[in-house]
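**Student:** Please find my_file-v5.cif (mmCIF, N, CA and C atoms) on the next line:
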data_coords
loop_
_atom_site.label_atom_id
_atom_site.label_comp_id
_atom_site.auth_asym_id
_atom_site.auth_seq_id
_atom_site.Cartn_x
_atom_site.Cartn_y
_atom_site.Cartn_z
N MET A 1 -2.07 27.11 13.48
CA MET A 1 -2.46 26.33 12.32
C MET A 1 -1.22 25.88 11.55
N LYS A 2 -0.24 26.80 11.39
CA LYS A 2 0.98 26.43 10.66
C LYS A 2 1.74 25.33 11.39
N ARG A 3 1.77 25.40 12.70
CA ARG A 3 2.45 24.37 13.49
C ARG A 3 1.78 23.02 13.26
N TYR A 4 0.45 23.02 13.23
CA TYR A 4 -0.32 21.80 12.99
C TYR A 4 0.01 21.22 11.61
N LEU A 5 0.04 22.08 10.59
CA LEU A 5 0.36 21.62 9.24
C LEU A 5 1.78 21.08 9.17
N LEU A 6 2.69 21.74 9.85
CA LEU A 6 4.07 21.27 9.85
C LEU A 6 4.18 19.91 10.52
N LEU A 7 3.45 19.73 11.61
CA LEU A 7 3.46 18.43 12.29
C LEU A 7 2.91 17.33 11.39
N ILE A 8 1.85 17.63 10.67
CA ILE A 8 1.30 16.65 9.72
C ILE A 8 2.33 16.33 8.66
N ALA A 9 2.97 17.36 8.12
CA ALA A 9 3.97 17.16 7.07
C ALA A 9 5.12 16.29 7.58
N LEU A 10 5.61 16.59 8.76
CA LEU A 10 6.71 15.81 9.30
C LEU A 10 6.30 14.38 9.59
N PHE A 11 5.09 14.18 10.09
CA PHE A 11 4.60 12.83 10.34
C PHE A 11 4.53 12.03 9.05
N ILE A 12 4.02 12.65 8.02
CA ILE A 12 3.87 11.96 6.73
C ILE A 12 5.22 11.61 6.15
N LEU A 13 6.13 12.56 6.19
CA LEU A 13 7.45 12.30 5.64
C LEU A 13 8.19 11.22 6.41
N SER A 14 7.99 11.20 7.72
CA SER A 14 8.69 10.19 8.51
C SER A 14 8.04 8.82 8.38
N SER A 15 6.77 8.78 8.01
CA SER A 15 6.08 7.50 7.90
C SER A 15 6.41 6.78 6.60
N VAL A 16 7.03 7.46 5.68
CA VAL A 16 7.40 6.88 4.40
C VAL A 16 8.92 6.86 4.31
N GLY A 17 9.46 5.92 3.63
CA GLY A 17 10.91 5.86 3.47
C GLY A 17 11.37 6.90 2.47
N PHE A 18 10.98 8.13 2.71
CA PHE A 18 11.22 9.19 1.75
C PHE A 18 12.70 9.45 1.51
N ILE A 19 13.46 9.57 2.55
CA ILE A 19 14.87 9.93 2.37
C ILE A 19 15.61 8.83 1.64
N ASN A 20 15.30 7.59 1.94
CA ASN A 20 15.98 6.47 1.28
C ASN A 20 15.66 6.37 -0.19
N ALA A 21 14.55 6.95 -0.62
CA ALA A 21 14.14 6.84 -2.02
C ALA A 21 14.76 7.92 -2.89
N GLN A 22 15.55 8.82 -2.31
CA GLN A 22 16.13 9.91 -3.07
C GLN A 22 17.33 9.46 -3.88
N PRO A 23 17.49 10.09 -5.06
CA PRO A 23 18.66 9.77 -5.87
C PRO A 23 19.94 10.19 -5.15
N LYS A 24 21.03 9.49 -5.44
CA LYS A 24 22.31 9.82 -4.83
C LYS A 24 22.73 11.22 -5.26
N GLY A 25 23.36 11.93 -4.37
CA GLY A 25 23.88 13.25 -4.69
C GLY A 25 22.88 14.37 -4.46
N CYS A 26 21.63 14.06 -4.17
CA CYS A 26 20.66 15.11 -3.91
C CYS A 26 20.86 15.65 -2.50
N ASN A 27 20.53 16.89 -2.33
CA ASN A 27 20.59 17.47 -1.01
C ASN A 27 19.31 17.07 -0.29
N ASN A 28 19.41 16.01 0.51
CA ASN A 28 18.22 15.45 1.16
C ASN A 28 17.53 16.42 2.10
N ALA A 29 18.29 17.22 2.80
CA ALA A 29 17.68 18.16 3.74
C ALA A 29 16.81 19.17 2.98
N LYS A 30 17.31 19.69 1.87
CA LYS A 30 16.53 20.64 1.07
C LYS A 30 15.31 19.97 0.47
N ARG A 31 15.51 18.75 -0.04
CA ARG A 31 14.39 18.03 -0.66
C ARG A 31 13.32 17.73 0.39
N GLU A 32 13.76 17.32 1.57
CA GLU A 32 12.81 17.02 2.64
C GLU A 32 12.05 18.27 3.05
N ALA A 33 12.75 19.38 3.14
CA ALA A 33 12.10 20.65 3.50
C ALA A 33 11.09 21.06 2.42
N MET A 34 11.46 20.89 1.17
CA MET A 34 10.55 21.23 0.08
C MET A 34 9.31 20.33 0.12
N GLU A 35 9.50 19.06 0.38
CA GLU A 35 8.36 18.15 0.45
C GLU A 35 7.44 18.51 1.62
N ALA A 36 8.02 18.85 2.75
CA ALA A 36 7.21 19.26 3.90
C ALA A 36 6.44 20.53 3.58
N GLN A 37 7.11 21.44 2.90
CA GLN A 37 6.46 22.69 2.51
C GLN A 37 5.31 22.41 1.54
N LYS A 38 5.53 21.48 0.62
CA LYS A 38 4.48 21.12 -0.34
C LYS A 38 3.28 20.50 0.38
N VAL A 39 3.54 19.60 1.31
CA VAL A 39 2.47 18.96 2.07
C VAL A 39 1.67 20.01 2.82
N ALA A 40 2.35 20.91 3.48
CA ALA A 40 1.67 21.96 4.25
C ALA A 40 0.87 22.87 3.32
N PHE A 41 1.46 23.24 2.19
CA PHE A 41 0.79 24.12 1.21
C PHE A 41 -0.49 23.48 0.71
N ILE A 42 -0.39 22.22 0.26
CA ILE A 42 -1.55 21.54 -0.32
C ILE A 42 -2.59 21.25 0.76
N THR A 43 -2.15 20.82 1.93
CA THR A 43 -3.08 20.52 3.02
C THR A 43 -3.90 21.76 3.36
N GLU A 44 -3.23 22.90 3.41
CA GLU A 44 -3.93 24.14 3.74
C GLU A 44 -4.86 24.57 2.61
N LYS A 45 -4.37 24.56 1.38
CA LYS A 45 -5.17 25.01 0.23
C LYS A 45 -6.42 24.15 0.03
N VAL A 46 -6.27 22.85 0.23
CA VAL A 46 -7.39 21.92 0.01
C VAL A 46 -8.31 21.90 1.23
N GLY A 47 -7.75 22.18 2.40
CA GLY A 47 -8.53 22.12 3.63
C GLY A 47 -8.74 20.70 4.10
N LEU A 48 -7.66 19.90 4.02
CA LEU A 48 -7.75 18.51 4.45
C LEU A 48 -7.95 18.44 5.96
N THR A 49 -8.85 17.60 6.38
CA THR A 49 -9.00 17.34 7.80
C THR A 49 -7.86 16.42 8.22
N PRO A 50 -7.58 16.32 9.52
CA PRO A 50 -6.52 15.41 9.96
C PRO A 50 -6.76 13.96 9.51
N GLU A 51 -8.02 13.54 9.54
CA GLU A 51 -8.35 12.18 9.11
C GLU A 51 -8.08 11.99 7.62
N GLU A 52 -8.47 12.98 6.82
CA GLU A 52 -8.23 12.92 5.37
C GLU A 52 -6.74 12.92 5.08
N ALA A 53 -6.01 13.80 5.76
CA ALA A 53 -4.56 13.90 5.54
C ALA A 53 -3.87 12.59 5.90
N GLU A 54 -4.31 11.97 6.98
CA GLU A 54 -3.70 10.72 7.43
C GLU A 54 -3.88 9.61 6.40
N LYS A 55 -4.97 9.63 5.66
CA LYS A 55 -5.22 8.63 4.62
C LYS A 55 -4.64 9.05 3.27
N PHE A 56 -4.74 10.35 2.98
CA PHE A 56 -4.37 10.84 1.66
C PHE A 56 -2.86 10.81 1.41
N TRP A 57 -2.08 11.35 2.35
CA TRP A 57 -0.65 11.53 2.08
C TRP A 57 0.12 10.22 1.89
N PRO A 58 -0.14 9.18 2.64
CA PRO A 58 0.56 7.92 2.33
C PRO A 58 0.21 7.38 0.94
N LEU A 59 -1.06 7.54 0.54
CA LEU A 59 -1.47 7.11 -0.79
C LEU A 59 -0.78 7.98 -1.85
N TYR A 60 -0.74 9.27 -1.60
CA TYR A 60 -0.06 10.20 -2.50
C TYR A 60 1.42 9.84 -2.63
N ASN A 61 2.06 9.52 -1.51
CA ASN A 61 3.48 9.16 -1.53
C ASN A 61 3.72 7.90 -2.35
N SER A 62 2.82 6.95 -2.26
CA SER A 62 2.92 5.74 -3.08
C SER A 62 2.77 6.09 -4.55
N PHE A 63 1.81 6.93 -4.87
CA PHE A 63 1.60 7.40 -6.24
C PHE A 63 2.85 8.09 -6.78
N GLU A 64 3.40 8.99 -5.99
CA GLU A 64 4.59 9.73 -6.42
C GLU A 64 5.79 8.80 -6.62
N ALA A 65 5.95 7.81 -5.76
CA ALA A 65 7.06 6.87 -5.90
C ALA A 65 6.94 6.09 -7.21
N GLN A 66 5.73 5.68 -7.54
CA GLN A 66 5.53 4.95 -8.79
C GLN A 66 5.72 5.85 -10.00
N ARG A 67 5.24 7.10 -9.90
CA ARG A 67 5.45 8.06 -11.01
C ARG A 67 6.94 8.34 -11.19
N ARG A 68 7.66 8.48 -10.07
CA ARG A 68 9.09 8.75 -10.12
C ARG A 68 9.82 7.60 -10.82
N GLU A 69 9.42 6.37 -10.50
CA GLU A 69 10.04 5.20 -11.12
C GLU A 69 9.80 5.20 -12.64
N LEU A 70 8.61 5.52 -13.06
CA LEU A 70 8.32 5.58 -14.50
C LEU A 70 9.14 6.69 -15.17
N ARG A 71 9.27 7.83 -14.51
CA ARG A 71 10.09 8.91 -15.07
C ARG A 71 11.55 8.48 -15.20
N HIS A 72 12.04 7.74 -14.21
CA HIS A 72 13.42 7.24 -14.27
C HIS A 72 13.59 6.27 -15.44
N GLN A 73 12.59 5.43 -15.66
CA GLN A 73 12.65 4.51 -16.79
C GLN A 73 12.70 5.27 -18.11
N MET A 74 11.89 6.31 -18.22
CA MET A 74 11.89 7.13 -19.44
C MET A 74 13.25 7.80 -19.63
N HIS A 75 13.79 8.30 -18.55
CA HIS A 75 15.10 8.95 -18.61
C HIS A 75 16.18 7.96 -19.07
N ASP A 76 16.13 6.75 -18.53
CA ASP A 76 17.11 5.73 -18.92
C ASP A 76 17.00 5.38 -20.40
N ILE A 77 15.78 5.31 -20.89
CA ILE A 77 15.59 5.00 -22.31
C ILE A 77 16.15 6.13 -23.17
N ARG A 78 15.87 7.35 -22.79
CA ARG A 78 16.39 8.49 -23.57
C ARG A 78 17.92 8.52 -23.55
N ARG A 79 18.49 8.20 -22.39
CA ARG A 79 19.96 8.18 -22.27
C ARG A 79 20.59 7.05 -23.07
N SER A 80 19.82 5.99 -23.33
CA SER A 80 20.37 4.85 -24.06
C SER A 80 20.59 5.16 -25.54
N ILE A 81 19.94 6.20 -26.03
CA ILE A 81 20.09 6.59 -27.43
C ILE A 81 21.32 7.48 -27.56
N THR A 82 22.20 7.09 -28.47
CA THR A 82 23.42 7.86 -28.71
C THR A 82 23.51 8.21 -30.19
N SER A 83 24.54 8.92 -30.55
CA SER A 83 24.72 9.28 -31.97
C SER A 83 24.98 8.04 -32.83
N GLU A 84 25.39 6.94 -32.18
CA GLU A 84 25.62 5.70 -32.92
C GLU A 84 24.39 4.80 -32.98
N SER A 85 23.29 5.20 -32.39
CA SER A 85 22.09 4.37 -32.36
C SER A 85 21.52 4.20 -33.77
N SER A 86 20.99 3.01 -34.01
CA SER A 86 20.41 2.71 -35.32
C SER A 86 18.94 3.13 -35.36
N GLU A 87 18.38 3.08 -36.53
CA GLU A 87 16.96 3.38 -36.70
C GLU A 87 16.11 2.42 -35.87
N ASP A 88 16.52 1.17 -35.81
CA ASP A 88 15.80 0.18 -34.99
C ASP A 88 15.89 0.52 -33.50
N ASP A 89 17.04 1.03 -33.07
CA ASP A 89 17.18 1.46 -31.68
C ASP A 89 16.19 2.59 -31.37
N TYR A 90 16.08 3.53 -32.30
CA TYR A 90 15.14 4.63 -32.12
C TYR A 90 13.70 4.13 -32.06
N LYS A 91 13.36 3.20 -32.95
CA LYS A 91 12.00 2.64 -32.96
C LYS A 91 11.70 1.92 -31.66
N LYS A 92 12.67 1.14 -31.20
CA LYS A 92 12.49 0.41 -29.94
C LYS A 92 12.31 1.39 -28.78
N ALA A 93 13.13 2.43 -28.75
CA ALA A 93 13.03 3.43 -27.69
C ALA A 93 11.68 4.14 -27.72
N LEU A 94 11.22 4.48 -28.92
CA LEU A 94 9.92 5.14 -29.05
C LEU A 94 8.79 4.24 -28.57
N ASN A 95 8.86 2.98 -28.90
CA ASN A 95 7.84 2.03 -28.45
C ASN A 95 7.85 1.90 -26.93
N GLU A 96 9.04 1.83 -26.34
CA GLU A 96 9.14 1.73 -24.89
C GLU A 96 8.62 3.00 -24.22
N LEU A 97 8.95 4.16 -24.78
CA LEU A 97 8.46 5.42 -24.21
C LEU A 97 6.94 5.49 -24.29
N GLN A 98 6.38 5.00 -25.38
CA GLN A 98 4.92 4.99 -25.52
C GLN A 98 4.27 4.08 -24.49
N LYS A 99 4.88 2.92 -24.26
CA LYS A 99 4.35 1.99 -23.25
C LYS A 99 4.37 2.64 -21.87
N ILE A 100 5.46 3.32 -21.55
CA ILE A 100 5.56 3.97 -20.24
C ILE A 100 4.56 5.10 -20.13
N ASP A 101 4.35 5.82 -21.22
CA ASP A 101 3.36 6.90 -21.22
C ASP A 101 1.96 6.33 -20.92
N MET A 102 1.66 5.19 -21.49
CA MET A 102 0.37 4.54 -21.22
C MET A 102 0.30 4.06 -19.77
N GLN A 103 1.41 3.57 -19.23
CA GLN A 103 1.45 3.16 -17.82
C GLN A 103 1.21 4.36 -16.92
N GLN A 104 1.78 5.51 -17.29
CA GLN A 104 1.58 6.73 -16.49
C GLN A 104 0.10 7.13 -16.48
N SER A 105 -0.53 7.04 -17.64
CA SER A 105 -1.95 7.38 -17.72
C SER A 105 -2.80 6.43 -16.87
N ALA A 106 -2.50 5.14 -16.96
CA ALA A 106 -3.23 4.15 -16.16
C ALA A 106 -3.01 4.38 -14.67
N LEU A 107 -1.79 4.74 -14.30
CA LEU A 107 -1.47 5.00 -12.90
C LEU A 107 -2.26 6.21 -12.39
N LYS A 108 -2.30 7.27 -13.18
CA LYS A 108 -3.06 8.46 -12.79
C LYS A 108 -4.53 8.13 -12.59
N LEU A 109 -5.09 7.35 -13.49
CA LEU A 109 -6.50 6.98 -13.38
C LEU A 109 -6.75 6.12 -12.14
N LYS A 110 -5.87 5.17 -11.89
CA LYS A 110 -6.00 4.30 -10.72
C LYS A 110 -6.00 5.12 -9.43
N TYR A 111 -5.04 6.02 -9.30
CA TYR A 111 -4.93 6.81 -8.08
C TYR A 111 -6.02 7.87 -7.98
N HIS A 112 -6.46 8.36 -9.11
CA HIS A 112 -7.58 9.31 -9.10
C HIS A 112 -8.79 8.65 -8.43
N LYS A 113 -9.05 7.40 -8.82
CA LYS A 113 -10.17 6.67 -8.22
C LYS A 113 -9.94 6.42 -6.73
N GLU A 114 -8.71 6.11 -6.36
CA GLU A 114 -8.39 5.89 -4.94
C GLU A 114 -8.51 7.18 -4.14
N PHE A 115 -8.07 8.29 -4.73
CA PHE A 115 -8.18 9.58 -4.04
C PHE A 115 -9.64 9.94 -3.79
N LEU A 116 -10.51 9.59 -4.75
CA LEU A 116 -11.94 9.89 -4.59
C LEU A 116 -12.59 9.09 -3.47
N LYS A 117 -11.96 8.01 -3.06
CA LYS A 117 -12.47 7.23 -1.93
C LYS A 117 -12.19 7.95 -0.61
N ILE A 118 -11.21 8.85 -0.63
CA ILE A 118 -10.79 9.56 0.58
C ILE A 118 -11.32 10.99 0.61
N LEU A 119 -11.27 11.64 -0.55
CA LEU A 119 -11.64 13.05 -0.64
C LEU A 119 -12.92 13.23 -1.45
N SER A 120 -13.63 14.30 -1.17
CA SER A 120 -14.78 14.66 -1.99
C SER A 120 -14.26 15.10 -3.36
N ALA A 121 -15.13 15.12 -4.34
CA ALA A 121 -14.74 15.57 -5.67
C ALA A 121 -14.22 17.01 -5.63
N LYS A 122 -14.86 17.83 -4.81
CA LYS A 122 -14.43 19.23 -4.68
C LYS A 122 -13.01 19.31 -4.12
N LYS A 123 -12.73 18.54 -3.08
CA LYS A 123 -11.39 18.58 -2.49
C LYS A 123 -10.36 17.99 -3.44
N LEU A 124 -10.72 16.96 -4.17
CA LEU A 124 -9.77 16.40 -5.13
C LEU A 124 -9.48 17.40 -6.24
N PHE A 125 -10.51 18.07 -6.72
CA PHE A 125 -10.32 19.11 -7.72
C PHE A 125 -9.40 20.19 -7.18
N ASN A 126 -9.64 20.60 -5.93
CA ASN A 126 -8.81 21.61 -5.30
C ASN A 126 -7.37 21.12 -5.10
N TYR A 127 -7.22 19.82 -4.84
CA TYR A 127 -5.87 19.24 -4.73
C TYR A 127 -5.12 19.40 -6.04
N TYR A 128 -5.75 19.04 -7.15
CA TYR A 128 -5.09 19.17 -8.45
C TYR A 128 -4.71 20.62 -8.72
N SER A 129 -5.60 21.54 -8.39
CA SER A 129 -5.32 22.97 -8.57
C SER A 129 -4.17 23.41 -7.66
N ALA A 130 -4.20 22.97 -6.41
CA ALA A 130 -3.15 23.35 -5.46
C ALA A 130 -1.80 22.80 -5.87
N GLU A 131 -1.78 21.57 -6.39
CA GLU A 131 -0.52 20.99 -6.83
C GLU A 131 0.07 21.82 -7.98
N ASN A 132 -0.77 22.21 -8.92
CA ASN A 132 -0.29 23.06 -10.02
C ASN A 132 0.17 24.42 -9.52
N GLU A 133 -0.56 24.98 -8.58
CA GLU A 133 -0.19 26.27 -8.00
C GLU A 133 1.15 26.16 -7.28
N TYR A 134 1.35 25.07 -6.56
CA TYR A 134 2.63 24.87 -5.87
C TYR A 134 3.78 24.78 -6.86
N LYS A 135 3.58 24.07 -7.95
CA LYS A 135 4.62 23.95 -8.97
C LYS A 135 4.98 25.32 -9.55
N LYS A 136 3.97 26.13 -9.81
CA LYS A 136 4.21 27.48 -10.33
C LYS A 136 4.99 28.32 -9.33
N GLU A 137 4.61 28.24 -8.05
CA GLU A 137 5.31 28.98 -7.00
C GLU A 137 6.76 28.51 -6.88
N LEU A 138 6.96 27.22 -6.99
CA LEU A 138 8.31 26.67 -6.90
C LEU A 138 9.17 27.15 -8.06
N ILE A 139 8.62 27.13 -9.24
CA ILE A 139 9.36 27.60 -10.42
C ILE A 139 9.69 29.09 -10.28
N LYS A 140 8.71 29.85 -9.80
CA LYS A 140 8.95 31.29 -9.60
C LYS A 140 10.06 31.51 -8.58
N HIS A 141 10.04 30.72 -7.51
CA HIS A 141 11.08 30.82 -6.47
C HIS A 141 12.46 30.47 -7.05
N ILE A 142 12.51 29.43 -7.84
CA ILE A 142 13.79 29.02 -8.45
C ILE A 142 14.30 30.09 -9.40
N GLU A 143 13.38 30.64 -10.21
CA GLU A 143 13.78 31.70 -11.14
C GLU A 143 14.30 32.93 -10.42
N GLN A 144 13.67 33.29 -9.32
CA GLN A 144 14.13 34.44 -8.55
C GLN A 144 15.51 34.17 -7.95
N GLY A 145 15.76 32.96 -7.55
CA GLY A 145 17.06 32.60 -7.01
C GLY A 145 18.16 32.67 -8.07
N CYS A 146 17.81 32.36 -9.31
CA CYS A 146 18.78 32.38 -10.39
C CYS A 146 19.12 33.81 -10.81
N ARG A 147 18.23 34.74 -10.56
CA ARG A 147 18.46 36.14 -10.96
C ARG A 147 19.41 36.85 -10.00
N ARG A 148 19.59 36.32 -8.83
CA ARG A 148 20.41 37.00 -7.82
C ARG A 148 21.86 36.89 -8.11
#
Would you write the structure of this file as structure tokens?
**Tutor:**
Amino acid sequence: MKRYLLLIALFILSSVGFINAQPKGCNNAKREAMEAQKVAFITEKVGLTPEEAEKFWPLYNSFEAQRRELRHQMHDIRRSITSESSEDDYKKALNELQKIDMQQSALKLKYHKEFLKILSAKKLFNYYSAENEYKKELIKHIEQGCRR
């Protein structure tokens, strides 16, 4: 079963321009391994069939790429504010951040509806739970690594 999940994960990662979309300076091998691990974890927890996984993961990758772009935009706006920024600069930045926050909400709703076309409500609910569980496990793993 683990071999099957790994094959699905590798297929999905190779079908998307995942490595090319990474920021410069990132350890691509580690990031790729983490993404494969995440795909396998969620696929197993949700109980995705091969047909569901084949449809779900490319859509998920598109969703993540768009979310990543919005996060980068927010980061750029925050970095544009300096100690010399004026009150108007702060107001403009806040307005832009609010617009992006609204775009993020609209994006989540759009993909939620698309995910429901592929997965049952139960599996989609389990996906959201599994994604949160994976994040918690990842944070725990990182914290344990920092203690060593």
**Student:** Of the candidates A:Leu124, A:Ile118, A:Leu70, A:Ile81, which one gets nearest to Gln104 (chain A) if we count only N, CA and C atoms?
**Tutor:** A:Leu70
**Student:** Decode the PyMOL selection byres (((chain A and resi 131 and name CA) around 12) and name CA) for the given file into explicit residues and return them as a list of chain:residue names.
**Tutor:**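 Checked against the file, the PyMOL selection byres (((chain A and resi 131 and name CA) around 12) and name CA) matches A:Glu35, A:Gln37, A:Lys38, A:Val39, A:Ala40, A:Phe41, A:Ile42, A:Thr43, A:Glu44, A:Lys45, A:Val46, A:Tyr60, A:Lys123, A:Leu124, A:Phe125, A:Asn126, A:Tyr127, A:Tyr128, A:Ser129, A:Ala130, A:Asn132, A:Glu133, A:Tyr134, A:Lys135, A:Lys136, A:Glu137, A:Leu138.
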**Student:** What's the separation between atom C of Arg67 (chain A) and atom N of Leu119 (chain A), in Å to one decimal place?
**Tutor:**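 It comes out at 21.3 Å.
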**Student:** Return the padded bounding box of region 108-115 of chain A as JSON: axis-aligned, built from all atoms listed in the file, 4 Å added on each side, with centre and edge lengths in Å to one decimal.
**Tutor:**
{"center_x": -6.2, "center_y": 7.1, "center_z": -8.6, "size_x": 15.9, "size_y": 13.6, "size_z": 17.7}
**Student:** Rounded to one decimal in Å, what is the spacing between atom C of Lys117 (chain A) and atom N of Lys55 (chain A)?
**Tutor:**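 Between atom C of Lys117 (chain A) and atom N of Lys55 (chain A) the gap is 9.7 Å.
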**Student:** Kindly indicate which residue among A:Leu48, A:Leu116, A:Ala121, A:Leu107 lies nearest to Phe63 (chain A), using only N, CA and C atoms for the distances.
**Tutor:**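 Of all the options, A:Leu107 lies closest to Phe63 (chain A).
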